[in-house]
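Enquirer: Have a peek at model.cif (mmCIF, C-alpha atoms).
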data_run
#
loop_
_atom_site.label_atom_id
_atom_site.label_comp_id
_atom_site.auth_asym_id
_atom_site.auth_seq_id
_atom_site.Cartn_x
_atom_site.Cartn_y
_atom_site.Cartn_z
CA MET A 1 2.41 -15.53 -7.54
CA SER A 2 5.99 -15.26 -8.86
CA GLN A 3 7.86 -18.21 -10.31
CA SER A 4 10.29 -18.11 -7.39
CA LEU A 5 7.55 -18.46 -4.80
CA GLN A 6 5.82 -21.14 -6.86
CA SER A 7 9.07 -23.11 -6.97
CA ALA A 8 9.62 -22.57 -3.27
CA ARG A 9 6.12 -23.80 -2.52
CA ARG A 10 6.65 -26.98 -4.54
CA SER A 11 10.00 -27.66 -2.86
CA GLY A 12 8.79 -26.84 0.63
CA ALA A 13 11.20 -23.91 0.87
CA LEU A 14 8.75 -21.07 1.40
CA GLY A 15 10.32 -20.24 4.74
CA GLU A 16 13.76 -20.03 3.15
CA SER A 17 12.48 -17.65 0.46
CA TYR A 18 10.88 -15.46 3.10
CA LEU A 19 13.98 -15.38 5.31
CA LYS A 20 16.28 -14.64 2.39
CA VAL A 21 14.66 -11.24 1.87
CA ARG A 22 14.30 -10.54 5.57
CA ASN A 23 17.92 -11.40 6.28
CA GLU A 24 19.11 -9.13 3.48
CA THR A 25 17.52 -6.23 5.36
CA LEU A 26 19.26 -7.27 8.57
CA ALA A 27 22.60 -7.43 6.79
CA LEU A 28 22.17 -3.85 5.58
CA ALA A 29 21.46 -2.51 9.07
CA ARG A 30 23.70 -4.66 11.28
CA GLY A 31 26.55 -2.14 11.45
CA LEU A 32 24.36 0.77 12.55
CA SER A 33 24.30 2.10 16.08
CA ASP A 34 21.06 2.95 17.84
CA ALA A 35 21.77 6.62 17.10
CA ASP A 36 22.52 5.91 13.42
CA ALA A 37 19.21 4.08 13.13
CA THR A 38 17.12 6.70 14.95
CA VAL A 39 18.06 10.04 13.42
CA GLN A 40 15.95 11.47 10.58
CA SER A 41 18.11 13.70 8.38
CA MET A 42 15.21 15.39 6.58
CA GLU A 43 11.43 15.10 6.29
CA ASP A 44 11.64 13.07 3.07
CA ALA A 45 13.87 10.45 4.69
CA SER A 46 13.03 7.88 7.36
CA PRO A 47 15.25 6.46 10.10
CA ALA A 48 16.66 2.99 9.50
CA LYS A 49 14.89 1.82 12.67
CA TRP A 50 11.58 2.89 11.19
CA HIS A 51 12.24 0.97 7.96
CA LEU A 52 13.14 -2.15 9.96
CA ALA A 53 9.96 -1.93 12.01
CA HIS A 54 7.58 -0.81 9.26
CA THR A 55 8.39 -3.74 6.98
CA THR A 56 7.82 -6.04 9.96
CA TRP A 57 4.56 -4.32 10.84
CA PHE A 58 3.33 -5.06 7.31
CA PHE A 59 3.57 -8.83 7.82
CA GLU A 60 2.13 -8.63 11.33
CA THR A 61 -0.83 -6.45 10.34
CA PHE A 62 -1.86 -7.90 7.00
CA LEU A 63 -1.00 -11.57 7.53
CA LEU A 64 -0.38 -12.72 11.08
CA GLU A 65 -3.20 -10.89 12.84
CA THR A 66 -5.75 -12.17 10.33
CA GLN A 67 -4.37 -15.56 9.25
CA LEU A 68 -2.45 -17.16 12.13
CA ALA A 69 -4.65 -18.53 14.89
CA GLY A 70 -3.58 -17.48 18.36
CA TYR A 71 -1.10 -14.89 17.20
CA GLN A 72 -0.23 -12.33 19.86
CA SER A 73 0.74 -8.82 18.75
CA PHE A 74 4.26 -7.88 19.84
CA ASP A 75 3.22 -4.38 20.96
CA PRO A 76 -0.16 -2.85 20.02
CA SER A 77 1.35 0.65 20.00
CA PHE A 78 3.53 -0.31 17.03
CA CYS A 79 0.51 -0.08 14.74
CA TYR A 80 0.44 3.68 15.33
CA LEU A 81 4.21 4.10 15.31
CA PHE A 82 5.03 2.17 12.15
CA ASN A 83 2.02 2.54 9.88
CA SER A 84 2.82 4.68 6.83
CA TYR A 85 -0.10 5.52 4.54
CA TYR A 86 -2.55 2.68 5.18
CA GLU A 87 -5.61 4.74 6.02
CA GLN A 88 -7.83 1.70 6.56
CA VAL A 89 -5.60 0.50 9.40
CA GLY A 90 -5.89 3.66 11.47
CA ALA A 91 -3.99 6.73 12.63
CA ARG A 92 -0.22 6.95 12.27
CA HIS A 93 2.73 8.88 13.62
CA PRO A 94 3.50 11.88 11.35
CA ARG A 95 6.19 11.13 8.80
CA PRO A 96 8.22 14.31 9.43
CA ARG A 97 8.56 13.31 13.09
CA ARG A 98 9.73 9.71 12.71
CA GLY A 99 13.13 10.80 13.99
CA MET A 100 11.54 11.59 17.36
CA LEU A 101 10.94 7.89 18.02
CA THR A 102 13.80 7.34 20.43
CA ARG A 103 11.71 4.48 21.81
CA PRO A 104 11.48 1.61 21.05
CA SER A 105 15.21 1.01 20.98
CA LEU A 106 16.97 -0.57 18.02
CA GLU A 107 17.46 -3.71 20.09
CA GLU A 108 13.72 -3.93 20.70
CA VAL A 109 13.08 -3.56 16.96
CA TRP A 110 15.44 -6.51 16.35
CA THR A 111 13.37 -8.50 18.85
CA TYR A 112 10.18 -7.41 17.09
CA ARG A 113 11.51 -8.74 13.79
CA GLU A 114 12.42 -12.07 15.40
CA HIS A 115 8.95 -12.33 16.92
CA VAL A 116 7.21 -11.73 13.60
CA ASP A 117 9.60 -13.91 11.58
CA GLY A 118 9.01 -16.87 13.88
CA ALA A 119 5.27 -16.47 13.50
CA MET A 120 5.52 -16.06 9.72
CA LEU A 121 7.46 -19.32 9.45
CA ARG A 122 4.67 -21.06 11.36
CA LEU A 123 2.11 -19.54 9.00
CA LEU A 124 4.02 -20.67 5.91
CA GLU A 125 4.16 -24.21 7.28
CA THR A 126 0.35 -24.38 7.17
CA GLU A 127 0.33 -24.44 3.35
CA PRO A 128 -1.63 -21.19 3.01
CA ALA A 129 -3.92 -20.54 0.07
CA GLU A 130 -2.65 -18.77 -3.01
CA ASP A 131 -4.27 -15.44 -2.11
CA ILE A 132 -2.31 -15.47 1.15
CA LEU A 133 0.91 -16.31 -0.68
CA ASN A 134 0.24 -13.44 -3.05
CA LEU A 135 0.13 -11.15 -0.01
CA VAL A 136 3.41 -12.65 1.26
CA GLU A 137 4.94 -11.90 -2.13
CA LEU A 138 3.68 -8.33 -1.98
CA GLY A 139 5.20 -7.98 1.49
CA LEU A 140 8.58 -9.25 0.31
CA ASN A 141 8.65 -6.91 -2.68
CA HIS A 142 7.59 -4.11 -0.36
CA GLU A 143 10.53 -4.94 1.92
CA GLN A 144 12.94 -4.92 -1.02
CA GLN A 145 11.70 -1.43 -1.86
CA HIS A 146 12.53 -0.38 1.69
CA GLN A 147 15.99 -1.91 1.43
CA GLU A 148 16.69 0.63 -1.32
CA LEU A 149 15.13 3.43 0.73
CA LEU A 150 17.10 2.43 3.81
CA LEU A 151 20.37 2.72 1.91
CA THR A 152 19.38 6.04 0.35
CA ASP A 153 18.34 7.49 3.70
CA ILE A 154 21.53 6.32 5.44
CA LEU A 155 23.60 7.88 2.65
CA HIS A 156 21.88 11.22 3.19
CA LEU A 157 22.20 10.94 6.97
CA PHE A 158 25.92 10.17 6.89
CA ALA A 159 26.49 13.01 4.43
CA GLN A 160 25.39 15.45 7.16
CA ASN A 161 27.98 14.17 9.63
CA PRO A 162 31.25 16.19 9.68
CA LEU A 163 33.14 12.99 10.59
CA ARG A 164 32.16 11.65 7.15
CA PRO A 165 31.30 8.10 8.26
CA ALA A 166 31.12 5.41 5.58
CA PHE A 167 28.36 2.84 5.39
CA HIS A 168 30.91 0.18 4.39
CA SER A 169 34.68 0.13 4.40
CA PRO A 170 35.88 1.00 0.89
CA GLU A 171 37.20 -1.84 -1.23
CA PRO A 172 40.08 -1.50 -3.70
CA LEU A 173 38.87 -1.03 -7.24
CA ALA A 174 40.64 -2.39 -10.29
CA VAL A 175 42.62 0.29 -12.11
CA ASP A 176 43.49 0.23 -15.79
CA GLU A 177 47.19 1.07 -15.94
CA GLU A 178 46.77 2.52 -19.43
CA GLY A 179 44.15 4.98 -18.22
CA PRO A 180 40.58 5.47 -19.48
CA ALA A 181 39.72 5.41 -23.15
CA ALA A 182 38.87 8.66 -24.88
CA LEU A 183 35.30 9.67 -24.27
CA SER A 184 33.01 9.81 -27.28
CA TRP A 185 29.25 9.89 -27.79
CA LYS A 186 27.04 7.29 -29.41
CA SER A 187 23.87 8.62 -31.03
CA PHE A 188 20.50 6.87 -30.92
CA ASP A 189 17.59 7.70 -33.18
CA ALA A 190 14.05 8.35 -32.06
CA ALA A 191 12.00 5.20 -31.62
CA MET A 192 8.80 3.74 -30.26
CA ALA A 193 9.22 1.28 -27.41
CA GLU A 194 6.86 -0.89 -25.40
CA ILE A 195 7.24 -0.48 -21.65
CA GLY A 196 5.34 -1.77 -18.65
CA HIS A 197 4.60 -5.15 -17.14
CA GLU A 198 2.67 -7.87 -18.90
CA GLY A 199 2.25 -11.60 -18.37
CA GLU A 200 2.76 -13.59 -15.21
CA GLY A 201 4.98 -12.70 -12.27
CA PHE A 202 4.83 -10.00 -9.65
CA ALA A 203 4.45 -6.35 -10.55
CA PHE A 204 3.26 -3.32 -8.62
CA ASP A 205 0.12 -1.67 -9.96
CA CYS A 206 2.13 1.33 -11.14
CA GLU A 207 4.20 -0.89 -13.47
CA GLY A 208 1.36 -1.55 -15.92
CA PRO A 209 -0.42 -1.74 -18.20
CA ARG A 210 2.08 -2.26 -21.01
CA HIS A 211 2.00 0.64 -23.44
CA ASP A 212 3.91 2.45 -26.17
CA ALA A 213 6.36 5.20 -25.28
CA ILE A 214 8.11 7.65 -27.58
CA ILE A 215 11.89 7.81 -27.17
CA ARG A 216 13.44 11.03 -28.41
CA PRO A 217 16.89 11.06 -30.02
CA PHE A 218 19.65 10.84 -27.41
CA LYS A 219 23.34 10.15 -26.91
CA LEU A 220 25.25 7.96 -24.47
CA ALA A 221 28.89 8.19 -23.46
CA SER A 222 31.14 5.46 -24.81
CA ARG A 223 32.35 4.53 -21.33
CA PRO A 224 31.46 5.18 -17.69
CA VAL A 225 32.05 8.78 -16.65
CA LEU A 226 35.00 9.45 -14.34
CA ASN A 227 34.58 11.15 -10.98
CA CYS A 228 36.79 14.03 -12.08
CA GLU A 229 34.70 14.48 -15.23
CA TRP A 230 31.55 14.66 -13.17
CA LEU A 231 33.17 17.24 -10.90
CA GLU A 232 34.02 19.30 -13.98
CA PHE A 233 30.39 19.10 -15.08
CA MET A 234 29.25 20.32 -11.66
CA ALA A 235 31.82 23.12 -11.60
CA ASP A 236 30.65 24.18 -15.05
CA GLY A 237 27.16 24.79 -13.67
CA GLY A 238 25.61 21.51 -14.75
CA TYR A 239 23.15 21.50 -11.87
CA ARG A 240 22.36 25.20 -12.18
CA THR A 241 21.89 25.55 -15.95
CA PRO A 242 18.85 23.67 -17.33
CA THR A 243 19.94 24.26 -20.92
CA LEU A 244 23.39 22.72 -20.44
CA LEU A 245 23.61 19.37 -22.18
CA ALA A 246 24.47 16.93 -19.42
CA LEU A 247 28.10 15.88 -19.63
CA GLY A 248 28.34 17.41 -23.10
CA ARG A 249 31.61 19.18 -22.32
CA LEU A 250 33.35 16.34 -20.53
CA GLY A 251 36.62 14.85 -21.59
CA HIS A 252 39.79 13.58 -19.92
CA CYS A 253 40.70 15.15 -16.60
#
Let's see the structure in the file written out as C-alpha cells.
Expert:
Amino acid sequence: MSQSLQSARRSGALGESYLKVRNETLALARGLSDADATVQSMEDASPAKWHLAHTTWFFETFLLETQLAGYQSFDPSFCYLFNSYYEQVGARHPRPRRGMLTRPSLEEVWTYREHVDGAMLRLLETEPAEDILNLVELGLNHEQQHQELLLTDILHLFAQNPLRPAFHSPEPLAVDEEGPAALSWKSFDAAMAEIGHEGEGFAFDCEGPRHDAIIRPFKLASRPVLNCEWLEFMADGGYRTPTLLALGRLGHC
C-alpha cells in the first residue's frame, strides 16, 4: 500500500483520498456534451463516457460486489458494456464499437458514478483489510491511467471536428520580450542506468523488476523547441524520413 494511502488510513481520510482521484476525472469531463462523450474517433480510442463508466465498473466489480454486504448492482448490463480485457469476468462489448453505445446516456453514467462512490465510501468506513486497500489503490492508479487516456482520446476526437473545438479555453502565456535564446545542443555520453521500480509503494507489474539499461550517446536542445521550429521540422520531412536527425536542422524562425 502506498505511503499516501497509509497516511490516509491513519488519519481517517481514506474517503477523501478516494474522492480526490474520482473528482479529478469528473473535472476533466464536466465540459463535455453527451455527443462529445459518446463518439469514438478511431478504433484505438475510447469515448469519454466509456472511460467514466469503465473506471467505475472496476470498483463495483472487484470491490463492492465482493466486499460490501448488501450492495446492489447499479445495472447488471454494465458488466458487459464496460468490461475491457478482464476475461475472468465474462464477455464484453467489442472495443472498436464502443462508440455505438448511445445508451446509457452521459447523465446516467454520472448517476452510476455517484451510486458507486457512495457505496465505496461506506466500504472504506468499515476499516477494510490491507489486501482490500491494495485493491483500492490499484483501482485509483487505474483511474489515473484512464484520465490520461481520456484527455488523449478527446484531443484526437476534437481534431476531427472542422469547427476546431478546444478542450479548454486558451490561457495567455508569458512571452519573453527579448525573444528566445539561440538554440544549441548539449551532448551526453553513453552510460549505464538503473531503471524500474524497487522498494515500497505502488507500481504496476510492468514497471519492474529494476534492471540495467544501456543509454546510447544523445543530444538535447538547450531550450524548449518553438512551435515554428517544429513546423519547420515537419515541413522538412521529419516524419517521413527515418534517417533525419530529429530537430537537427532547427534554429530561429
Enquirer: Provide the atom CA of Gly70 of chain A to atom CA of His115 of chain A distance in Å, to one decimal place.
Expert: 13.6 Å
Enquirer: Using the chain letters and residue numbers of this document, give as a ChimeraX atom specification the residues selected by the PyMOL selection byres ((chain A and resi 42-48) around 9).
Expert: /A:29,32,36-41,49-53,95-99,149-154,156-157
Enquirer: Determine, counting only C-alpha atoms, which protein, DNA and RNA residues have an atom within 9 Å of an atom of Lys219 of chain A; residues of the same chain fewer than 2 positions away are not included. Present the result as a list in words.
Expert: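 What passes the distance filter is Trp185, Lys186, Ser187, Phe188, Asp189, Pro217 and Ala221 of chain A.
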Enquirer: Give me, please, the distance in Å between atom CA of Leu135 of chain A and atom CA of Phe78 of chain A, quoted to one decimal.
Expert: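 Answer for the atom CA of Leu135 of chain A to atom CA of Phe78 of chain A separation: 20.5 Å.
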Enquirer: Would you write out, as a PyMOL selection string, every residue that the PyMOL selection byres ((chain A and resi 204-206) around 12) captures in this file?
Expert: chain A and resi 134+137-142+145+195-198+201-203+207-210
Enquirer: Kindly extract all protein, DNA and RNA residues lying within 8 Å of the coordinates (14.6, -7.5, 4.5) given in the file, considering only C-alpha atoms, and supply them as a list in words.
Expert: Leu19, Lys20, Val21, Arg22, Asn23, Glu24, Thr25, Leu26, Leu52, Thr55, Leu140, Glu143, Gln144, His146 and Gln147 of chain A
Enquirer: Just how far from atom CA of Phe74 of chain A is atom CA of Pro104 of chain A, in Å to one decimal?
Expert: 12.0 Å
Enquirer: Near Ser73 of chain A, counting all atoms listed in the file, which residues have an atom at most 9 Å away, once you skip same-chain residues fewer than 4 positions from it, shown as JSON, numbers by chain?
Expert: {"A": [60, 61, 64, 65, 116]}
Enquirer: Name every residue that the PyMOL selection byres ((chain A and resi 67) around 12) selects in this structure, writing the answer as a PyMOL selection string with chains first and numbers rising.
Expert: chain A and resi 59-66+68-72+119-120+122-124+126-129+131-133+135-136
Enquirer: Go through A:Pro94, A:Pro242, A:Gly199, A:Gly31 and flag the residue nearest Pro165 of chain A, using all atoms listed in the file for the distances.
Expert: A:Gly31
